[in-house]
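See structure below.
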Amino acid sequence: MEQELNVLENNRLDKLNKLKEKGINPFSNDFEKKENIKNIIEKFGGKDKDFFENNRVEAETAGRIIIIRSFGKAAFFRIRDGFGEIQCYIQKDGIPEQDFELFKEYMDAGDICGVKGHLFRTKTDELTIKVESIHILTKSLLSLPEKWHGLKDIEARFRKRYVDLIANQEVREIFKKRAETIRFFRSFLDANDFLEVETPMMQANPGGATARPFKTHHNALNLELYMRIAPELYLKRLVVGGFDRVYEIGRNFRNEGISVRHNPEFTMLEFYTAYSENTSLMEFVEKMMSELALKICGNYEIEYGTEKLNFKPPFKKIKLKDSLIEIGGFKTEEIDDAEKVFDILTKRNTPGISKTDSLGELLTILFDETVEPKLINPTFITDYPVESSPLARRNDKDVSVTERFELFIAGREIGNGFSELNDPLDQEERFKMQVETKIKEGLPAEMDDDYIEALKQGLPPTAGCGIGIDRVVMLLTNSHSIRDVILFPLLKPVK
């Protein structure tokens, strides 16, 4: 197989050299593309055969040749640009001799060309460009892949995404939907008076979440820095500064495992609104997510694997402890005692637990293990324990829990939101506990004193939420690996 590919590549290289010998630039840029293919189809796709026989409609476009069907003195071929695809017809008697020779002798599927001609309909009624001149714009030295589907090719598809995009229309559609999703979030937030901002991706103190960061070094300042694990603390500084509604769409970095749900580099939407709290924020998120499904998929109900997800509001809301009883099947007495919860998790061979863990920490782990996978339709889980929510405001009626929610869809967390903790003294104490936890886990651990100082200036009552863009796109495109929705996911190097 490799030998065959080498022969094909050498054949194309030979054609390239012959083009140069004939004075034809195989990488020219002297062709003006007047219109993209999608526009041509939208304008004239509805016209019948008689229309084109009575009206000459000129077409001048360019794209990659996808397939060639040759019949000696004539050929059909298809070209594709970033917007659409159209059939072309070239005939020896209808084109300058040198152009026909160029096409027949030196052009292959994969080459990029410009064509001029007029539109007509074939006997099978397909809209087609009758080519009157053709220009080679880029000579491809590699053959197009025949098929990139199937398990054995998955790694190759991700490593050579550019070929994957050429070969697979459905892959291009996934990334168009990704762009539409991000565009929708921006439009929705802008329409609700949020200001888009940018915060540092390199931070001296990685805060806003508990995760292992990537480390880097600034030579000029001789300063150790970390790639951000979240923009949260900087965004809340901006609320302190007087921007009542802010959001950021950007990359976060976590130096942790790779799986179908996790990539070390991922995209988050985070937004914060002053003079708000978690219940009104839940309503806002519910409205945004339901309208997103309607916009991208045309329906509240979408298919994901074997499941049908219904985004029609209202979403189900249930407290974390209640979910352990109602969905997890545990008894009240089992989840009210840290020792009993620890025993349950031990029997499940849950890693990373300790008898010194608090009840709140253990309940959160038990929820992750037993309830989360069962949350198929959009569901808000509320009232998280204080121990697992270091930045969330305590509930006034039950100080053991916080005014926090997480949105789960298809058995995975999609968003995390809460009323922000704006008591600097309480925040300082929780930071101290978080530092102790990080030290125990071997993570960088340092108090963010500047953030405490910002809180002392006064953070108004504020609610904020983070939503994982990659996971949302997975749902909207029926994709089951995060690598399917990231153009260039991180992969283990090939040796």
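Here, A, B, ... name the chains of the structure tokens in the order displayed, residue numbers run from 1 inside each chain, and ligands are numbered from 1 in the same displayed order.
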Can you tell me, as number ranges by chain, what residues are no more than 10 Å from A:Asn36 when counting only C-alpha atoms, ignoring any on the same chain fewer than 3 positions away?
-> A: 33, 39-41, 59-63, 80-85
Output of the above residues as an mmCIF file, in the first residue's frame, restricted to C-alpha atoms:
```cif
data_model
loop_
_atom_site.group_PDB
_atom_site.id
_atom_site.type_symbol
_atom_site.label_atom_id
_atom_site.label_comp_id
_atom_site.auth_asym_id
_atom_site.auth_seq_id
_atom_site.Cartn_x
_atom_site.Cartn_y
_atom_site.Cartn_z
ATOM 1 C CA LYS A 33 -13.155 34.141 -7.680
ATOM 2 C CA ASN A 39 -24.394 31.721 -3.726
ATOM 3 C CA ILE A 40 -24.556 30.241 -7.226
ATOM 4 C CA ILE A 41 -26.767 27.398 -6.037
ATOM 5 C CA ALA A 59 -20.398 31.438 -13.506
ATOM 6 C CA GLU A 60 -16.892 32.152 -12.274
ATOM 7 C CA THR A 61 -15.827 30.320 -9.146
ATOM 8 C CA ALA A 62 -13.093 28.159 -7.644
ATOM 9 C CA GLY A 63 -12.650 25.172 -5.359
ATOM 10 C CA ARG A 80 -16.017 22.194 -3.513
ATOM 11 C CA ASP A 81 -15.233 25.396 -1.652
ATOM 12 C CA GLY A 82 -15.888 26.272 1.971
ATOM 13 C CA PHE A 83 -19.550 26.960 1.260
ATOM 14 C CA GLY A 84 -20.785 24.333 -1.180
ATOM 15 C CA GLU A 85 -20.182 21.907 -4.008
#
```
Do you have the atom CA of A:Asp322-atom CA of A:Asp343 distance handy?
->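 The value is 19.7 Å.
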Leaving out A:Lys130 and any residue of its chain fewer than 2 positions from it, which residues lie within 9 Å of it when counting only C-alpha atoms, given as a PyMOL selection string?
-> chain A and resi 59+87-91+94+116-120+128+132
Keeping only N, CA and C atoms, write the selected residues as a PDB file, in the first residue's frame.
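result24.pdb written:
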```pdb
ATOM      1  N   ALA A  59     -20.864  31.835 -14.829  1.00  0.00           N
ATOM      2  CA  ALA A  59     -20.398  31.438 -13.506  1.00  0.00           C
ATOM      3  C   ALA A  59     -18.879  31.482 -13.480  1.00  0.00           C
ATOM      4  N   GLN A  87     -21.239  20.525  -9.669  1.00  0.00           N
ATOM      5  CA  GLN A  87     -20.690  19.731 -10.780  1.00  0.00           C
ATOM      6  C   GLN A  87     -20.232  20.648 -11.906  1.00  0.00           C
ATOM      7  N   CYS A  88     -19.148  20.230 -12.569  1.00  0.00           N
ATOM      8  CA  CYS A  88     -18.644  20.949 -13.742  1.00  0.00           C
ATOM      9  C   CYS A  88     -18.537  19.964 -14.908  1.00  0.00           C
ATOM     10  N   TYR A  89     -18.681  20.506 -16.131  1.00  0.00           N
ATOM     11  CA  TYR A  89     -18.559  19.684 -17.339  1.00  0.00           C
ATOM     12  C   TYR A  89     -17.548  20.349 -18.261  1.00  0.00           C
ATOM     13  N   ILE A  90     -16.577  19.562 -18.703  1.00  0.00           N
ATOM     14  CA  ILE A  90     -15.553  20.091 -19.594  1.00  0.00           C
ATOM     15  C   ILE A  90     -15.512  19.233 -20.855  1.00  0.00           C
ATOM     16  N   GLN A  91     -15.473  19.896 -22.014  1.00  0.00           N
ATOM     17  CA  GLN A  91     -15.541  19.192 -23.307  1.00  0.00           C
ATOM     18  C   GLN A  91     -14.464  19.765 -24.220  1.00  0.00           C
ATOM     19  N   GLY A  94     -15.368  22.565 -26.543  1.00  0.00           N
ATOM     20  CA  GLY A  94     -15.957  23.787 -25.981  1.00  0.00           C
ATOM     21  C   GLY A  94     -15.007  24.607 -25.144  1.00  0.00           C
ATOM     22  N   LYS A 116     -14.331  29.142 -15.344  1.00  0.00           N
ATOM     23  CA  LYS A 116     -15.251  30.130 -15.916  1.00  0.00           C
ATOM     24  C   LYS A 116     -16.125  29.407 -16.923  1.00  0.00           C
ATOM     25  N   GLY A 117     -17.374  29.783 -16.979  1.00  0.00           N
ATOM     26  CA  GLY A 117     -18.275  29.148 -17.932  1.00  0.00           C
ATOM     27  C   GLY A 117     -19.695  29.632 -17.736  1.00  0.00           C
ATOM     28  N   HIS A 118     -20.668  28.782 -18.106  1.00  0.00           N
ATOM     29  CA  HIS A 118     -22.070  29.146 -17.908  1.00  0.00           C
ATOM     30  C   HIS A 118     -22.838  27.948 -17.361  1.00  0.00           C
ATOM     31  N   LEU A 119     -23.971  28.248 -16.752  1.00  0.00           N
ATOM     32  CA  LEU A 119     -24.772  27.211 -16.105  1.00  0.00           C
ATOM     33  C   LEU A 119     -25.715  26.530 -17.081  1.00  0.00           C
ATOM     34  N   PHE A 120     -25.923  25.239 -16.854  1.00  0.00           N
ATOM     35  CA  PHE A 120     -26.943  24.490 -17.592  1.00  0.00           C
ATOM     36  C   PHE A 120     -27.375  23.314 -16.726  1.00  0.00           C
ATOM     37  N   THR A 128     -25.139  22.464 -13.375  1.00  0.00           N
ATOM     38  CA  THR A 128     -23.748  22.184 -13.744  1.00  0.00           C
ATOM     39  C   THR A 128     -23.138  23.413 -14.407  1.00  0.00           C
ATOM     40  N   GLU A 132     -15.621  26.880 -19.750  1.00  0.00           N
ATOM     41  CA  GLU A 132     -15.092  27.481 -20.962  1.00  0.00           C
ATOM     42  C   GLU A 132     -13.615  27.859 -20.798  1.00  0.00           C
TER      43      GLU A 132
END
```
Rank nothing, just name the residue among A:Phe184, A:Phe253, A:Phe380, A:Phe271 nearest to A:Glu232, using only C-alpha atoms.
-> A:Phe271
Figure out the distance between atom CA of A:Ile79 and atom CA of A:Lys43, please, to one decimal in Å.
->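 Separation between atom CA of A:Lys43 and atom CA of A:Ile79: 17.8 Å.
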Show which residues sit within 8 Å of A:Arg237, as a list in words. Count only C-alpha atoms, and ignore same-chain residues fewer than 4 positions away.
->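 Everything that qualifies: Leu233, Gly241, Tyr451, Ala454 and Leu455 of chain A.
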For A:Phe31, which of A:Ile86, A:Glu339, A:Ile136, A:Phe405 is the closest residue, counting only C-alpha atoms?
->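 The closest residue to A:Phe31 is A:Ile136.
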Those of stretch 122-353 of chain A in DSSP strand (DSSP E), formatted as a VMD selection string = chain A and resid 127 to 138 195 to 196 202 to 203 215 to 218 223 to 227 245 to 253 265 to 274 301 to 304 307 to 310 316 to 319
